[in-house]
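Enquirer: What follows is upload28.txt, made up of compact mmCIF, C-alpha atoms:
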```txt
# COMPACT_ATOMS: atom_id res chain seq x y z
CA MET X 1 0.00 0.00 0.00
CA GLY X 2 1.09 3.60 -0.55
CA TYR X 3 1.23 4.97 2.99
CA LYS X 4 1.39 8.76 3.06
CA MET X 5 1.24 9.69 6.73
CA VAL X 6 2.90 8.18 9.82
CA PHE X 7 1.80 8.99 13.37
CA SER X 8 4.25 8.09 16.11
CA ASP X 9 4.04 8.16 19.88
CA MET X 10 7.16 9.41 21.69
CA ASP X 11 7.79 7.83 25.10
CA GLY X 12 8.18 4.07 24.85
CA THR X 13 8.07 4.31 21.06
CA LEU X 14 10.22 6.90 19.31
CA LEU X 15 12.58 8.01 22.06
CA TRP X 16 15.62 6.25 23.48
CA LYS X 17 15.21 6.09 27.27
CA GLY X 18 12.58 8.82 26.95
CA LEU X 19 15.23 11.36 26.07
CA HIS X 20 16.64 11.13 22.56
CA ILE X 21 15.80 10.11 19.01
CA SER X 22 18.40 7.57 17.95
CA VAL X 23 20.55 8.14 14.88
CA GLU X 24 18.89 5.19 13.13
CA ASN X 25 15.36 6.42 13.84
CA ARG X 26 16.26 9.95 12.76
CA LYS X 27 17.78 8.74 9.48
CA ALA X 28 14.72 6.61 8.71
CA ILE X 29 12.33 9.49 9.48
CA CYS X 30 14.28 12.00 7.40
CA LYS X 31 14.42 9.53 4.50
CA ALA X 32 10.62 9.07 4.69
CA VAL X 33 10.03 12.84 4.86
CA ASP X 34 12.30 13.36 1.85
CA LYS X 35 10.08 10.90 -0.05
CA GLY X 36 7.02 13.05 0.73
CA ILE X 37 5.71 11.12 3.74
CA ASP X 38 4.15 13.21 6.52
CA PHE X 39 5.68 12.24 9.88
CA VAL X 40 3.48 13.32 12.78
CA ILE X 41 4.53 13.11 16.42
CA CYS X 42 1.42 12.16 18.40
CA THR X 43 2.06 12.33 22.12
CA GLY X 44 0.63 13.03 25.53
CA ARG X 45 3.40 15.55 26.15
CA GLY X 46 2.91 19.29 26.13
CA VAL X 47 4.31 21.05 23.09
CA PHE X 48 7.29 22.30 25.12
CA GLY X 49 8.45 18.68 25.42
CA VAL X 50 8.06 18.08 21.68
CA GLU X 51 9.62 21.10 19.98
CA PRO X 52 13.27 20.16 20.62
CA HIS X 53 12.69 16.83 18.85
CA LEU X 54 10.82 18.49 15.98
CA ARG X 55 13.82 20.78 15.50
CA GLU X 56 16.16 17.80 15.59
CA LEU X 57 14.15 16.19 12.79
CA GLY X 58 14.03 19.43 10.80
CA LEU X 59 10.23 19.42 10.74
CA ILE X 60 9.52 22.92 12.06
CA GLY X 61 8.80 25.27 9.18
CA LYS X 62 7.50 22.47 6.98
CA LYS X 63 3.96 21.50 6.10
CA GLY X 64 2.49 19.20 8.72
CA TYR X 65 1.27 18.85 12.28
CA ALA X 66 2.29 17.90 15.81
CA ILE X 67 -0.33 16.35 18.06
CA CYS X 68 0.13 16.99 21.79
CA GLN X 69 -1.66 16.26 25.06
CA ASN X 70 -3.22 13.10 23.63
CA GLY X 71 -5.07 14.99 20.92
CA ALA X 72 -6.28 17.96 22.94
CA ALA X 73 -3.84 20.30 21.19
CA ILE X 74 -2.69 20.22 17.55
CA TYR X 75 0.02 22.53 16.21
CA ASP X 76 0.89 23.61 12.67
CA LEU X 77 4.56 22.84 12.01
CA MET X 78 4.94 25.90 9.78
CA ASP X 79 4.79 28.32 12.71
CA MET X 80 4.07 26.05 15.71
CA LYS X 81 0.81 27.85 16.36
CA LEU X 82 -2.12 26.08 17.97
CA VAL X 83 -4.71 25.13 15.33
CA LEU X 84 -7.00 22.92 17.42
CA LYS X 85 -7.69 22.96 21.14
CA ARG X 86 -10.16 20.82 23.09
CA SER X 87 -10.36 21.97 26.70
CA PHE X 88 -12.46 21.77 29.86
CA SER X 89 -13.24 24.00 32.80
CA PRO X 90 -11.09 23.66 35.94
CA ASN X 91 -14.39 23.74 37.86
CA MET X 92 -15.34 20.39 36.31
CA LEU X 93 -12.02 18.91 37.37
CA LYS X 94 -12.01 20.33 40.92
CA PRO X 95 -13.89 17.54 42.77
CA VAL X 96 -11.69 14.90 41.14
CA ALA X 97 -8.55 16.86 42.01
CA ASP X 98 -9.79 17.21 45.59
CA TYR X 99 -10.38 13.46 45.80
CA ALA X 100 -6.97 12.66 44.30
CA ARG X 101 -5.35 14.90 46.90
CA THR X 102 -6.62 12.60 49.68
CA PHE X 103 -3.99 10.08 48.58
CA GLU X 104 -0.59 11.22 49.87
CA GLU X 105 1.34 9.50 47.08
CA ILE X 106 -0.64 11.11 44.25
CA GLU X 107 0.52 14.25 42.46
CA ASN X 108 -1.75 16.42 40.28
CA PHE X 109 -0.47 18.14 37.13
CA TYR X 110 -2.43 20.46 34.82
CA TYR X 111 -1.81 21.59 31.24
CA ASP X 112 -2.99 24.26 28.82
CA ASP X 113 -1.13 24.86 25.56
CA ARG X 114 2.37 25.89 26.76
CA THR X 115 1.42 26.23 30.42
CA PHE X 116 2.37 23.54 32.93
CA LEU X 117 0.92 23.74 36.44
CA CYS X 118 1.65 21.61 39.47
CA GLU X 119 0.67 21.62 43.15
CA LYS X 120 4.06 20.64 44.62
CA LEU X 121 7.57 21.44 43.47
CA THR X 122 9.30 18.13 44.14
CA PRO X 123 12.67 16.86 42.85
CA VAL X 124 10.75 14.69 40.37
CA VAL X 125 8.88 17.73 39.04
CA GLU X 126 12.12 19.72 38.77
CA GLU X 127 13.75 16.91 36.80
CA TYR X 128 10.67 16.64 34.55
CA CYS X 129 10.78 20.37 33.84
CA GLN X 130 14.46 20.17 32.95
CA VAL X 131 13.80 17.39 30.45
CA MET X 132 10.71 19.09 29.02
CA LYS X 133 12.30 22.55 28.87
CA THR X 134 9.47 24.21 30.75
CA THR X 135 8.93 26.27 33.90
CA PRO X 136 6.21 25.11 36.30
CA ARG X 137 3.55 27.36 37.73
CA LEU X 138 2.52 26.46 41.28
CA VAL X 139 -1.18 26.31 42.19
CA LYS X 140 -3.00 24.91 45.18
CA ASP X 141 -6.07 24.02 43.14
CA PRO X 142 -6.90 23.88 39.40
CA THR X 143 -9.51 26.61 39.80
CA GLU X 144 -6.70 29.10 40.47
CA TYR X 145 -5.97 28.94 36.75
CA GLU X 146 -7.78 31.69 34.85
CA GLY X 147 -8.24 29.77 31.59
CA GLU X 148 -9.42 26.32 30.56
CA LEU X 149 -7.28 23.19 30.77
CA THR X 150 -6.47 20.74 28.01
CA LYS X 151 -5.24 17.92 30.24
CA CYS X 152 -4.81 16.76 33.80
CA LEU X 153 -2.34 14.05 34.77
CA PHE X 154 -2.50 12.13 38.05
CA SER X 155 0.79 10.44 38.96
CA GLY X 156 1.26 7.75 41.60
CA PRO X 157 0.65 4.10 42.48
CA ARG X 158 -1.74 2.27 40.16
CA LYS X 159 -3.92 1.09 43.07
CA HIS X 160 -4.73 4.72 43.89
CA LEU X 161 -5.14 5.74 40.25
CA GLU X 162 -7.75 3.04 39.75
CA LYS X 163 -9.82 4.54 42.57
CA ILE X 164 -9.48 8.04 41.13
CA LYS X 165 -10.49 6.80 37.69
CA ALA X 166 -13.59 5.04 39.06
CA TYR X 167 -14.54 8.13 41.07
CA ALA X 168 -14.18 10.47 38.08
CA GLU X 169 -16.13 8.18 35.77
CA GLU X 170 -18.98 7.85 38.26
CA LEU X 171 -19.06 11.58 38.94
CA LEU X 172 -18.64 12.92 35.40
CA GLY X 173 -19.76 10.06 33.17
CA ASP X 174 -19.30 10.70 29.46
CA GLN X 175 -18.12 14.29 29.99
CA VAL X 176 -14.52 13.06 30.21
CA ASN X 177 -12.11 10.53 28.77
CA LEU X 178 -9.71 8.85 31.19
CA PHE X 179 -6.89 6.46 30.29
CA TYR X 180 -3.44 5.33 31.35
CA SER X 181 -0.39 6.58 29.46
CA ALA X 182 1.96 4.58 31.69
CA GLU X 183 1.72 2.30 34.72
CA ASN X 184 1.74 5.28 37.10
CA TYR X 185 0.07 7.95 34.91
CA LEU X 186 -3.69 8.50 34.66
CA GLU X 187 -4.73 11.18 32.18
CA PHE X 188 -7.93 13.25 32.14
CA VAL X 189 -9.15 15.03 28.98
CA THR X 190 -12.53 16.20 27.80
CA SER X 191 -14.95 13.81 26.10
CA GLY X 192 -14.16 12.94 22.50
CA VAL X 193 -10.44 13.67 22.82
CA ASP X 194 -7.92 10.93 22.07
CA LYS X 195 -5.10 10.20 19.66
CA GLY X 196 -7.47 8.49 17.25
CA THR X 197 -9.74 11.50 16.72
CA ALA X 198 -6.66 13.72 16.39
CA LEU X 199 -5.17 11.38 13.79
CA GLU X 200 -8.41 11.49 11.83
CA ALA X 201 -8.57 15.30 11.98
CA ALA X 202 -4.95 15.72 10.88
CA ALA X 203 -5.28 13.21 8.06
CA LYS X 204 -8.45 14.91 6.81
CA GLU X 205 -6.77 18.32 6.88
CA ALA X 206 -3.83 16.88 4.93
CA GLY X 207 -6.16 15.22 2.40
CA VAL X 208 -4.93 11.73 3.29
CA ASP X 209 -7.27 8.74 3.43
CA LEU X 210 -7.19 6.81 6.72
CA LYS X 211 -6.20 3.64 4.87
CA ASP X 212 -2.98 5.41 3.89
CA THR X 213 -1.93 6.14 7.49
CA ILE X 214 0.30 4.27 9.93
CA ALA X 215 0.12 4.70 13.72
CA ILE X 216 2.87 3.44 16.06
CA GLY X 217 2.54 3.24 19.84
CA ASP X 218 3.01 1.18 22.98
CA SER X 219 0.50 2.22 25.66
CA ASP X 220 -3.19 2.37 26.48
CA ASN X 221 -3.46 5.97 25.23
CA ASP X 222 -2.14 4.85 21.82
CA LEU X 223 -4.95 2.35 21.26
CA PRO X 224 -7.38 4.81 19.59
CA MET X 225 -4.90 5.79 16.89
CA ILE X 226 -3.67 2.21 16.40
CA ARG X 227 -7.27 1.17 15.79
CA LYS X 228 -8.05 4.16 13.58
CA ALA X 229 -5.04 4.00 11.24
CA GLY X 230 -4.81 2.00 8.05
CA LEU X 231 -1.94 0.12 9.67
CA GLY X 232 -1.84 -0.02 13.46
CA VAL X 233 1.57 -0.90 14.88
CA ALA X 234 2.48 -1.79 18.46
CA MET X 235 6.02 -1.77 19.79
CA LYS X 236 7.60 -4.99 21.00
CA ASN X 237 7.80 -3.37 24.44
CA GLY X 238 4.12 -2.37 24.33
CA GLU X 239 1.37 -3.45 26.70
CA ASP X 240 -0.15 -6.84 25.87
CA HIS X 241 -3.64 -5.51 25.07
CA VAL X 242 -2.12 -2.88 22.77
CA LYS X 243 -0.14 -5.53 20.89
CA ALA X 244 -3.28 -7.65 20.61
CA ALA X 245 -5.11 -4.77 18.90
CA ALA X 246 -2.31 -4.03 16.40
CA ALA X 247 -1.97 -5.37 12.87
CA TYR X 248 1.80 -5.52 13.29
CA VAL X 249 4.08 -5.82 16.32
CA THR X 250 7.69 -4.74 15.89
CA GLU X 251 10.52 -7.22 16.29
CA ARG X 252 12.64 -4.48 17.89
CA ASP X 253 11.67 -2.43 20.91
CA ALA X 254 11.95 1.32 21.49
CA GLU X 255 15.58 0.98 22.59
CA GLU X 256 16.39 -0.95 19.40
CA ASN X 257 15.00 1.54 16.85
CA GLY X 258 11.58 -0.05 16.40
CA VAL X 259 10.25 3.03 14.57
CA ALA X 260 13.00 2.71 11.96
CA GLU X 261 12.00 -0.93 11.53
CA VAL X 262 8.44 0.10 10.69
CA LEU X 263 9.48 2.81 8.24
CA GLU X 264 11.96 0.57 6.46
CA LEU X 265 9.50 -2.30 6.24
CA PHE X 266 6.33 -0.49 5.14
CA LEU X 267 7.63 2.57 3.28
```
Give the structure from the file, written as structure tokens.
Expert:
Amino acid sequence: MGYKMVFSDMDGTLLWKGLHISVENRKAICKAVDKGIDFVICTGRGVFGVEPHLRELGLIGKKGYAICQNGAAIYDLMDMKLVLKRSFSPNMLKPVADYARTFEEIENFYYDDRTFLCEKLTPVVEEYCQVMKTTPRLVKDPTEYEGELTKCLFSGPRKHLEKIKAYAEELLGDQVNLFYSAENYLEFVTSGVDKGTALEAAAKEAGVDLKDTIAIGDSDNDLPMIRKAGLGVAMKNGEDHVKAAAAYVTERDAEENGVAEVLELFL
């Protein structure tokens, strides 16, 4: 098939140890882009944690998109301006944030475009901000933020996250979408937002049929785009239920240039 657009997750998929794009992956991506393939990073990260990698790949200033915050924010690569934003009121999130705060080991993080907010400035948060090239804004409660939020992330033990997820779903029903992006990360976005709907929107804007798209990922939050794409790919290191849903599972994991494997094999 003539695939024209590739959507790739970052952590656990594209990046080596969550930090760098390997030389082999970068060469394969640049080769695909030179052939006219659109390469779209599709991640749960805020845009501040994506731009350095877009620059490394030479994608900024070119035609295309970057999908951030699990589909809640889409940016135009030409000028890195926000072209789609799906947000929710901090007031809707407040009771869930209050409940999450009853667990001592849980941390609450909030996002809006290029703004990152947290409730505690811990060594882990400081390290995260160094990696993501962002400066945190401290708040005691999400309602202190004057705008709307695109994402909330709850970090901590899975046993606590499961309780928070059940509480939020019972309280808010179909107003929200909740999913795990890692073992210790529970993400909260507004209803209808996920990587699959973002993939569909970006492909439509680019004039590319869904059958001509590839999506590569490893975690629960990647499932919607893996199911939506013409070819859904799961990484060797991916979660079992994600691999079960994929049409192809890589022979190499994220540390072994699995993205390059996909590009070389199918493009």
Enquirer: Take atom CA of Asp141 of chain X and atom CA of Tyr128 of chain X and report the distance between them in Å, one decimal.
Expert: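 Rounded to one decimal, the two atoms are 20.2 Å apart.
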Enquirer: Within 8 Å of Lys62 of chain X, counting only C-alpha atoms, which residues show up once you throw out same-chain ones fewer than 3 positions away? Write them as a ChimeraX atom specification, please.
Expert: /X:59,77-78
Enquirer: Restricted to C-alpha atoms, what would the selected residues look like written as a short mmCIF file (atom, residue, chain, number, x, y, z; two decimals), keeping the file's coordinate frame?
Expert:
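So the final result, stored in again.cif, reads:
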```
data_model
loop_
_atom_site.label_atom_id
_atom_site.label_comp_id
_atom_site.auth_asym_id
_atom_site.auth_seq_id
_atom_site.Cartn_x
_atom_site.Cartn_y
_atom_site.Cartn_z
CA LEU X 59 10.23 19.42 10.74
CA LEU X 77 4.56 22.84 12.01
CA MET X 78 4.94 25.90 9.78
#
```
Enquirer: For the atom pair atom CA of Lys120 of chain X and atom CA of Pro136 of chain X, what is the interatomic distance in Å to one decimal place?
Expert: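 Going from atom CA of Lys120 of chain X over to atom CA of Pro136 of chain X covers 9.7 Å.
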Enquirer: Can you tell me, as a PDB file with C-alpha atoms, keeping the file's coordinate frame, what residues are no more than 9 Å from Asp194 of chain X when counting all atoms listed in the file, ignoring any on the same chain fewer than 4 positions away?
Expert:
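around_33.pdb was written with the following content:
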```
ATOM      1  CA  GLN X  69      -1.660  16.260  25.060  1.00  0.00           C
ATOM      2  CA  ASN X  70      -3.220  13.100  23.630  1.00  0.00           C
ATOM      3  CA  GLY X  71      -5.070  14.990  20.920  1.00  0.00           C
ATOM      4  CA  ALA X  72      -6.280  17.960  22.940  1.00  0.00           C
ATOM      5  CA  ASN X 177     -12.110  10.530  28.770  1.00  0.00           C
ATOM      6  CA  VAL X 189      -9.150  15.030  28.980  1.00  0.00           C
ATOM      7  CA  ALA X 198      -6.660  13.720  16.390  1.00  0.00           C
ATOM      8  CA  LEU X 199      -5.170  11.380  13.790  1.00  0.00           C
ATOM      9  CA  ASN X 221      -3.460   5.970  25.230  1.00  0.00           C
ATOM     10  CA  ASP X 222      -2.140   4.850  21.820  1.00  0.00           C
ATOM     11  CA  PRO X 224      -7.380   4.810  19.590  1.00  0.00           C
ATOM     12  CA  MET X 225      -4.900   5.790  16.890  1.00  0.00           C
TER      13      MET X 225
END
```
Enquirer: Using all atoms listed in the file, which residues sit within 9 Å of Pro90 of chain X once same-chain residues fewer than 2 positions away are excluded, as a count of residues only?
Expert: 13
Enquirer: Measuring between all atoms listed in the file, which one of X:Leu210, X:Val6, X:Ala97, X:Met132 shows the shortest distance to Val47 of chain X?
Expert: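 Closest to Val47 of chain X, using all atoms listed in the file: X:Met132.
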Enquirer: Of the candidates X:Gln130, X:Glu200, X:Tyr185, X:Asp253, which shows the shortest atom-to-atom distance to Phe48 of chain X, using all atoms listed in the file?
Expert: X:Gln130
Enquirer: How many Å separate atom CA of Val50 of chain X from atom CA of Val249 of chain X?
Expert: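 Between these atoms lies a distance of 24.8 Å.
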Enquirer: Neighbours of Ala73 of chain X within 9 Å (all atoms listed in the file; same-chain residues fewer than 4 positions away dropped), as a list of chain:residue names?
Expert: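 Returned residues: X:Gly46, X:Val47, X:Ala66, X:Ile67, X:Cys68, X:Gln69, X:Leu82, X:Val83, X:Leu84, X:Lys85, X:Arg86, X:Ser87, X:Asp112, X:Asp113, X:Thr150, X:Ala198.
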Enquirer: Could you give me the axis-aligned bounding box of segment 54-62 of chain X, with 8 Å of padding per side, as centre plus edge lengths in Å to one decimal, as JSON?
Expert:
```
{"center_x": 11.8, "center_y": 20.7, "center_z": 11.5, "size_x": 24.7, "size_y": 25.1, "size_z": 25.0}
```
Enquirer: Can you pull out every residue within 8 Å of His160 of chain X, counting only C-alpha atoms, but drop anything in the same chain fewer than 4 positions away, and send it as JSON, numbers by chain?
Expert: {"X": [103, 106, 156, 164]}
